[in-house]
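Visitor: If you scroll down you'll find the structure; I have some questions about it.
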Amino acid sequence: MLFAASALVYINSLDFSLTGCDDKLLLGNAALVILEHQDFFAFINSPYLFSDGLFYRPIVNASVLLTSLAGGGELYLHYVFNILVHSLTVIFLYLILIKFNSTHFQSLMMSMIFAVHPVLVNSVSWIPGRNDSLLALFILVSFLGLIMYSESGNIMYLAIHGLGFIAALFSKETAVAAIFIFSSYLILFRKSFFKKKIYVLVPVWLVLIFIWFFFRQSVVTQAASYDLFRNMPYFIIAIGKTILPVNLTVLPVIKDSTFLYGIFSIIVLAVLFWYSESKNNRIVLLGLLWFFAFLLPGLININPEYSGDIMIESRLYLPAIGIFILLTQTDLAKKLTFANKYLIGLYVLILGLFCYSNVKYSHSYHDSFSFWQDAAVNSVSLDLAQAGFGSYFLQTGNYETAVEYYKKAIELNRGNVDFSRKTAFCLTRLNRTDEAAMYYAEVLNKEPGDYDANLIMGIINFKKNNLIEAETQLLKAEFINNNDIQPKIYLLKLYRSKGDNNKAAQYENTLKTKGYIEPPK
């Protein structure tokens, strides 16, 4: 039943196309390895997404390579994999909730709600979101192994705990925070066992982290910004999205988010726990610690070049489990039985609303247009959202609309030269030469060695008969990229117009050796 619920609500994603946000790059990297018969292990053991990237996620790389090989270029298998991982995570959540003294029926209903929860759409309907669902799956496997080991002392469960933990580390760096949760569980629920086995567990954790750190350091050389405090308010927003998932978007930033739902959700939780008589405060505390510990690493600013820190919703996948753990201690969960028709009706209503919201929201990941439209509309202060929508229109040949969104991006972040470059390109296509020249000038002001800007500005100045400026820029373009004949063609025209026959002859001969044939006059 859990597997069916997880699969059915996401079955519409099987015909989704790529969004153009990380997924094209992720799948493109894997396709290149396959087509060029490159070393599979080298790809798996490389930084995630970019060759100079910040992250080391070999299990994610391996999963993409595997689904690319099996799918033979078909996209649907990537989504099948995401759905499978999500379904398994839901099943392990169910098993863990039972361990916290919830009945099978209560655990089933709570897990069903998690399965269809709209805030998890980003992790299932967007291919790169699998790094968070894989992380959650392996953390739950490891946590369940730890619970079983603390109950039985069976070394097999310790092995499952260790394997799950190291798999989580190789899926996403956030897994490091799991040691805090593992320790908290043992102190809260198995204190005497922890004292007895601390000499076993702590060395196991340290060895596994050392192994992960050793491999990571050999691959990743960059470091992220660690300005955590600036994004602390996101905790309130995250609680709101978990309890009342009505403010969802593909590229959320704090500035464009509301705290209203978060504050309201905190009040609702406080009231629920105030009137819940038989709650286990240790389980409530563990749920809170789980939520905060696993969300905290997601507050790190990994894209300081953008106008806002992107708090992508897939980062809520694992922390949200903490909220579900503590919700099991409310009367809404504890009094849920087959006989309580009112509560069953409430759960069915929540499931229906969440399913509807899930399917509706997942449409934002259907294709590139839907994704970037959602981003541009709901994250108006994020330059990436506006520029991304502009890039969609550039790729479809709608240069007028592309310019509109690129200009919005420039207003938000004048430091990003790529926005000016693409604006200038679109304006050139629209024959708005003078306006294009303004933006190319901005590019050259920030990046004097930009080839395209030097070439186009040289051509524009040549056509305006500003021959001195044109010569300087065309010569620079030729120096930057000597293999391209475009600068040489215009330098030939320029020297002919200046009457410099010697230089014109030199370029004429050079172009002939490169196979260039002048069009008839």
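Residues in the structure tokens are named by chain (A, B, ... in the order shown) and by number from 1 within that chain; ligands are numbered from 1 in the order shown.
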Name the residues of stretch 463-494 of chain A that come out as helix (DSSP H, G or I) in a backbone DSSP run; write them as a PyMOL selection string.

Guide: chain A and resi 463+467-480+486-494

Visitor: List as number ranges by chain the protein and nucleic acid residues near stretch 423-436 of chain A, meaning an atom at most 12 Å away when only C-alpha atoms are counted, but skip any in the same chain fewer than 4 places from it.

Guide: A: 387, 390-391, 393-410, 416-419, 440-444, 452-453, 455-457, 459-461, 463-464

Visitor: Out of A:Tyr306, A:Tyr185, A:Tyr342, A:Phe180, which residue has the shortest atom-to-atom distance to A:Phe294 when counting only C-alpha atoms?

Guide: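 Under the stated criterion, the closest residue is A:Phe180.
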
Visitor: Taking only C-alpha atoms into account, which of A:Asn247, A:Ser314, A:Ser87, A:Ser171 comes nearest A:Gly129?

Guide: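 The closest residue to A:Gly129 is A:Ser314.
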
Visitor: When you count only C-alpha atoms, which of these residues is closest to A:Ala320: A:Gly458, A:Gly287, A:Pro203, A:Gly415?

Guide: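 Checking each of A:Gly458, A:Gly287, A:Pro203, A:Gly415 against A:Ala320, counting only C-alpha atoms, the winner is A:Gly287.
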
Visitor: Distance atom CA of A:Ile209-atom CA of A:His161, one decimal place?

Guide: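 Distance between the two atoms: 13.5 Å.
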
Visitor: Fewer than 3 positions away in the same chain doesn't count, so skip those; otherwise give me all residues within 6 Å of stretch 471-473 of chain A, counting only C-alpha atoms, as a list in words.

Guide: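 So the residues in contact are Asn454, Gly458, Leu467, Ile468 and Lys476 of chain A.
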
Visitor: Closest to A:Tyr157 among A:Ile254, A:Leu208, A:Ile198, A:Leu144, using only C-alpha atoms?

Guide: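 Going through A:Ile254, A:Leu208, A:Ile198, A:Leu144 one by one, the smallest distance to A:Tyr157 is for A:Leu144.
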
Visitor: Might you pull out every residue within 12 Å of A:Lys335, with only C-alpha atoms counted and same-chain residues fewer than 2 positions away left off, and present them as an MDAnalysis selection string?

Guide: chainID A and resid 102:103 105:106 276:279 328:333 337:344

Visitor: I need the residues from that last selection saved to file as a PDB file, in the first residue's frame (with C-alpha atoms), if you can.

Guide:
ATOM      1  CA  SER A 102       3.110   3.835  17.099  1.00  0.00           C
ATOM      2  CA  THR A 103       0.637   1.131  16.068  1.00  0.00           C
ATOM      3  CA  PHE A 105      -2.222   1.585  11.533  1.00  0.00           C
ATOM      4  CA  GLN A 106      -0.931   4.886  12.934  1.00  0.00           C
ATOM      5  CA  SER A 276      -1.776  15.917  24.105  1.00  0.00           C
ATOM      6  CA  GLU A 277      -1.695  14.111  27.437  1.00  0.00           C
ATOM      7  CA  SER A 278       0.232  10.926  26.736  1.00  0.00           C
ATOM      8  CA  LYS A 279       3.104  12.298  24.682  1.00  0.00           C
ATOM      9  CA  THR A 328       3.363  10.746  16.374  1.00  0.00           C
ATOM     10  CA  GLN A 329       3.201  12.063  19.946  1.00  0.00           C
ATOM     11  CA  THR A 330       0.141  14.249  19.377  1.00  0.00           C
ATOM     12  CA  ASP A 331      -3.348  13.004  20.170  1.00  0.00           C
ATOM     13  CA  LEU A 332      -4.151  13.326  16.463  1.00  0.00           C
ATOM     14  CA  ALA A 333      -1.815  10.376  15.936  1.00  0.00           C
ATOM     15  CA  THR A 337      -7.745   3.826  15.470  1.00  0.00           C
ATOM     16  CA  PHE A 338     -10.089   1.975  13.141  1.00  0.00           C
ATOM     17  CA  ALA A 339     -12.932   2.904  15.491  1.00  0.00           C
ATOM     18  CA  ASN A 340     -12.250   6.657  15.421  1.00  0.00           C
ATOM     19  CA  LYS A 341     -14.106   7.595  12.253  1.00  0.00           C
ATOM     20  CA  TYR A 342     -13.651  11.338  12.725  1.00  0.00           C
ATOM     21  CA  LEU A 343      -9.866  11.077  12.846  1.00  0.00           C
ATOM     22  CA  ILE A 344      -9.828   8.661   9.915  1.00  0.00           C
TER      23      ILE A 344
END

Visitor: Between atom CA of A:Leu27 and atom CA of A:Phe371, what is the distance, to one decimal in Å?

Guide: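 The value is 17.4 Å.
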
Visitor: What is the atom CA of A:Lys191 to atom CA of A:Arg282 distance in Å?

Guide: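 If I compute the distance from atom CA of A:Lys191 to atom CA of A:Arg282, I get 12.4 Å.
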
Visitor: Name the residues in contact with A:Val116 at a cut-off of 10 Å, using only C-alpha atoms, excluding same-chain residues fewer than 2 positions from it; report them as a list in words.

Guide: Leu2, Ala5, Ser6, Ala7, Leu8, Val9, Tyr10, Val90, Ser111, Met112, Ile113, Phe114, Pro118, Val119, Leu120, Val121, Ile350, Leu351, Gly352, Leu353, Phe354, Cys355, Tyr356, Ser357, Asn358 and Val359 of chain A

Visitor: Please, could you write that set of residues out with N, CA, C and O atoms as a tab-separated table (two decimals), in the first residue's frame?

Guide:
chain	number	residue	atom	x	y	z
A	2	LEU	N	1.90	1.27	0.84
A	2	LEU	CA	2.80	2.42	0.87
A	2	LEU	C	3.51	2.61	-0.46
A	2	LEU	O	3.67	3.73	-0.95
A	5	ALA	N	0.99	3.99	-3.02
A	5	ALA	CA	0.69	5.41	-2.81
A	5	ALA	C	1.84	6.28	-3.29
A	5	ALA	O	1.62	7.32	-3.94
A	6	SER	N	3.07	5.86	-2.98
A	6	SER	CA	4.25	6.63	-3.40
A	6	SER	C	4.38	6.67	-4.91
A	6	SER	O	4.75	7.70	-5.48
A	7	ALA	N	4.07	5.55	-5.54
A	7	ALA	CA	4.24	5.46	-7.00
A	7	ALA	C	3.11	6.17	-7.74
A	7	ALA	O	3.36	6.91	-8.71
A	8	LEU	N	1.88	5.98	-7.29
A	8	LEU	CA	0.74	6.51	-8.03
A	8	LEU	C	0.73	8.04	-8.07
A	8	LEU	O	0.41	8.64	-9.09
A	9	VAL	N	1.08	8.67	-6.96
A	9	VAL	CA	1.02	10.12	-6.92
A	9	VAL	C	2.08	10.76	-7.81
A	9	VAL	O	1.95	11.92	-8.24
A	10	TYR	N	3.14	10.00	-8.12
A	10	TYR	CA	4.22	10.54	-8.95
A	10	TYR	C	4.27	9.93	-10.36
A	10	TYR	O	5.19	10.21	-11.12
A	90	VAL	N	9.79	5.73	2.23
A	90	VAL	CA	8.50	5.72	2.93
A	90	VAL	C	8.34	4.43	3.73
A	90	VAL	O	7.88	4.45	4.88
A	111	SER	N	2.92	7.52	7.41
A	111	SER	CA	3.81	7.27	6.28
A	111	SER	C	3.13	7.57	4.95
A	111	SER	O	3.77	8.03	4.00
A	112	MET	N	1.83	7.31	4.88
A	112	MET	CA	1.07	7.62	3.66
A	112	MET	C	1.07	9.13	3.42
A	112	MET	O	1.23	9.59	2.28
A	113	ILE	N	0.89	9.89	4.48
A	113	ILE	CA	0.91	11.35	4.34
A	113	ILE	C	2.29	11.83	3.88
A	113	ILE	O	2.41	12.70	3.02
A	114	PHE	N	3.33	11.24	4.46
A	114	PHE	CA	4.69	11.57	4.03
A	114	PHE	C	4.88	11.22	2.55
A	114	PHE	O	5.50	11.98	1.79
A	118	PRO	N	3.45	17.33	-0.54
A	118	PRO	CA	3.87	18.18	-1.67
A	118	PRO	C	5.28	18.75	-1.56
A	118	PRO	O	5.92	19.02	-2.57
A	119	VAL	N	5.79	18.95	-0.33
A	119	VAL	CA	7.12	19.54	-0.19
A	119	VAL	C	8.21	18.60	-0.70
A	119	VAL	O	9.35	19.03	-0.94
A	120	LEU	N	7.88	17.32	-0.89
A	120	LEU	CA	8.86	16.35	-1.36
A	120	LEU	C	8.92	16.24	-2.88
A	120	LEU	O	9.74	15.49	-3.42
A	121	VAL	N	8.04	16.98	-3.57
A	121	VAL	CA	7.97	16.90	-5.03
A	121	VAL	C	9.32	17.17	-5.68
A	121	VAL	O	9.73	16.50	-6.63
A	350	ILE	N	-6.75	15.05	4.59
A	350	ILE	CA	-5.37	15.53	4.42
A	350	ILE	C	-4.69	14.83	3.25
A	350	ILE	O	-4.02	15.46	2.43
A	351	LEU	N	-4.88	13.51	3.18
A	351	LEU	CA	-4.30	12.74	2.07
A	351	LEU	C	-4.81	13.24	0.73
A	351	LEU	O	-4.04	13.41	-0.22
A	352	GLY	N	-6.12	13.50	0.65
A	352	GLY	CA	-6.70	13.99	-0.60
A	352	GLY	C	-6.16	15.35	-0.99
A	352	GLY	O	-5.80	15.58	-2.16
A	353	LEU	N	-6.10	16.26	-0.01
A	353	LEU	CA	-5.58	17.61	-0.29
A	353	LEU	C	-4.11	17.56	-0.70
A	353	LEU	O	-3.69	18.26	-1.62
A	354	PHE	N	-3.34	16.73	0.00
A	354	PHE	CA	-1.91	16.62	-0.32
A	354	PHE	C	-1.70	16.01	-1.70
A	354	PHE	O	-0.80	16.43	-2.45
A	355	CYS	N	-2.50	15.00	-2.04
A	355	CYS	CA	-2.39	14.39	-3.38
A	355	CYS	C	-2.68	15.42	-4.47
A	355	CYS	O	-1.95	15.51	-5.46
A	356	TYR	N	-3.74	16.17	-4.27
A	356	TYR	CA	-4.11	17.20	-5.24
A	356	TYR	C	-3.01	18.24	-5.38
A	356	TYR	O	-2.60	18.60	-6.50
A	357	SER	N	-2.53	18.73	-4.23
A	357	SER	CA	-1.47	19.74	-4.24
A	357	SER	C	-0.19	19.20	-4.86
A	357	SER	O	0.52	19.89	-5.60
A	358	ASN	N	0.13	17.93	-4.56
A	358	ASN	CA	1.32	17.29	-5.09
A	358	ASN	C	1.29	17.24	-6.61
A	358	ASN	O	2.25	17.66	-7.29
A	359	VAL	N	0.19	16.74	-7.16
A	359	VAL	CA	0.07	16.60	-8.62
A	359	VAL	C	0.10	17.97	-9.29
A	359	VAL	O	0.73	18.17	-10.33

Visitor: Find the residues around stretch 37-51 of chain A up to 9 Å (only C-alpha atoms counted), leave out those fewer than 2 positions away in its own chain, and share them as an MDAnalysis selection string.

Guide: chainID A and resid 22 25:26 29:30 32:35 53:63 65 215:216 219:220

Visitor: What would the file look like if the residues just selected were written as a short mmCIF file (atom, residue, chain, number, x, y, z; two decimals), in the first residue's frame with N, CA, C and O atoms?

Guide:
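The new file out25.cif reads:
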data_model
loop_
_atom_site.label_atom_id
_atom_site.label_comp_id
_atom_site.auth_asym_id
_atom_site.auth_seq_id
_atom_site.Cartn_x
_atom_site.Cartn_y
_atom_site.Cartn_z
N ASP A 22 20.28 22.16 -13.79
CA ASP A 22 21.16 21.08 -13.30
C ASP A 22 20.91 19.73 -13.95
O ASP A 22 21.86 18.96 -14.14
N LEU A 25 22.77 19.21 -17.29
CA LEU A 25 24.20 19.07 -17.03
C LEU A 25 24.52 17.70 -16.43
O LEU A 25 25.46 17.03 -16.86
N LEU A 26 23.70 17.28 -15.47
CA LEU A 26 23.92 15.99 -14.79
C LEU A 26 23.82 14.83 -15.77
O LEU A 26 24.71 13.97 -15.83
N ASN A 29 26.64 15.01 -18.55
CA ASN A 29 27.93 14.49 -18.10
C ASN A 29 27.97 12.96 -18.20
O ASN A 29 28.96 12.38 -18.66
N ALA A 30 26.88 12.32 -17.77
CA ALA A 30 26.82 10.86 -17.83
C ALA A 30 26.79 10.37 -19.28
O ALA A 30 27.46 9.38 -19.62
N LEU A 32 28.06 11.80 -21.89
CA LEU A 32 29.39 11.98 -22.48
C LEU A 32 30.31 10.82 -22.10
O LEU A 32 31.07 10.31 -22.94
N VAL A 33 30.24 10.40 -20.86
CA VAL A 33 31.06 9.27 -20.39
C VAL A 33 30.71 8.00 -21.16
O VAL A 33 31.59 7.24 -21.58
N ILE A 34 29.40 7.79 -21.38
CA ILE A 34 28.95 6.58 -22.07
C ILE A 34 29.33 6.61 -23.54
O ILE A 34 29.89 5.65 -24.09
N LEU A 35 29.06 7.74 -24.21
CA LEU A 35 29.28 7.85 -25.66
C LEU A 35 30.76 7.80 -26.01
O LEU A 35 31.15 7.26 -27.05
N GLY A 53 33.62 21.33 -8.74
CA GLY A 53 32.47 21.50 -7.87
C GLY A 53 32.80 21.36 -6.39
O GLY A 53 33.87 20.92 -5.99
N LEU A 54 31.80 21.74 -5.58
CA LEU A 54 31.95 21.74 -4.13
C LEU A 54 31.62 20.40 -3.49
O LEU A 54 31.99 20.16 -2.34
N PHE A 55 30.92 19.53 -4.23
CA PHE A 55 30.32 18.36 -3.60
C PHE A 55 30.89 17.05 -4.13
O PHE A 55 31.21 16.93 -5.30
N TYR A 56 30.95 16.08 -3.22
CA TYR A 56 31.41 14.74 -3.54
C TYR A 56 30.27 13.77 -3.26
O TYR A 56 29.97 13.46 -2.10
N ARG A 57 29.60 13.31 -4.32
CA ARG A 57 28.41 12.46 -4.18
C ARG A 57 28.48 11.29 -5.17
O ARG A 57 27.71 11.22 -6.13
N PRO A 58 29.42 10.38 -4.94
CA PRO A 58 29.63 9.29 -5.90
C PRO A 58 28.43 8.38 -6.09
O PRO A 58 28.22 7.83 -7.17
N ILE A 59 27.62 8.18 -5.04
CA ILE A 59 26.45 7.31 -5.20
C ILE A 59 25.42 7.97 -6.12
O ILE A 59 24.78 7.29 -6.92
N VAL A 60 25.27 9.29 -6.02
CA VAL A 60 24.37 9.99 -6.93
C VAL A 60 24.90 9.89 -8.36
O VAL A 60 24.15 9.60 -9.30
N ASN A 61 26.21 10.12 -8.54
CA ASN A 61 26.81 9.98 -9.87
C ASN A 61 26.59 8.58 -10.42
O ASN A 61 26.25 8.40 -11.60
N ALA A 62 26.79 7.57 -9.57
CA ALA A 62 26.63 6.18 -10.01
C ALA A 62 25.19 5.89 -10.40
O ALA A 62 24.93 5.19 -11.39
N SER A 63 24.25 6.44 -9.65
CA SER A 63 22.83 6.20 -9.95
C SER A 63 22.44 6.81 -11.30
O SER A 63 21.68 6.22 -12.06
N LEU A 65 24.52 7.42 -13.81
CA LEU A 65 25.19 6.62 -14.84
C LEU A 65 24.42 5.32 -15.09
O LEU A 65 24.22 4.91 -16.24
N PHE A 215 38.47 10.09 0.68
CA PHE A 215 38.10 10.08 -0.74
C PHE A 215 37.65 11.46 -1.20
O PHE A 215 37.98 11.89 -2.32
N ARG A 216 36.90 12.15 -0.35
CA ARG A 216 36.40 13.47 -0.73
C ARG A 216 37.55 14.46 -0.95
O ARG A 216 37.57 15.20 -1.92
N VAL A 219 39.35 14.48 -4.21
CA VAL A 219 38.56 14.86 -5.39
C VAL A 219 38.14 16.33 -5.35
O VAL A 219 38.27 17.05 -6.35
N VAL A 220 37.64 16.78 -4.20
CA VAL A 220 37.10 18.14 -4.08
C VAL A 220 38.12 19.06 -3.44
O VAL A 220 38.65 18.76 -2.36
#

Visitor: Applying 10 Å and only C-alpha atoms, which residues near A:Phe143 remain after dropping the ones on its own chain fewer than 4 positions away? List them as an mmCIF file with C-alpha atoms, in the first residue's frame.

Guide:
data_model
loop_
_atom_site.group_PDB
_atom_site.id
_atom_site.type_symbol
_atom_site.label_atom_id
_atom_site.label_comp_id
_atom_site.auth_asym_id
_atom_site.auth_seq_id
_atom_site.Cartn_x
_atom_site.Cartn_y
_atom_site.Cartn_z
ATOM 1 C CA PHE A 92 11.627 2.527 6.135
ATOM 2 C CA ILE A 96 10.952 3.369 12.278
ATOM 3 C CA LEU A 137 16.873 6.388 2.527
ATOM 4 C CA PHE A 138 20.368 5.495 3.717
ATOM 5 C CA ILE A 139 20.025 7.510 6.946
ATOM 6 C CA ILE A 147 17.873 0.742 16.824
ATOM 7 C CA MET A 148 17.967 -2.999 16.136
ATOM 8 C CA TYR A 149 21.580 -3.229 17.292
ATOM 9 C CA ILE A 160 23.707 -2.572 8.514
ATOM 10 C CA HIS A 161 24.042 0.618 10.565
ATOM 11 C CA GLY A 162 27.580 1.206 9.298
ATOM 12 C CA GLY A 164 23.791 2.699 5.693
ATOM 13 C CA PHE A 165 25.800 5.506 7.246
ATOM 14 C CA ALA A 178 23.656 11.912 11.594
ATOM 15 C CA ILE A 181 21.164 12.132 15.888
ATOM 16 C CA PHE A 182 22.552 8.647 16.517
ATOM 17 C CA TYR A 185 18.846 8.580 20.266
#
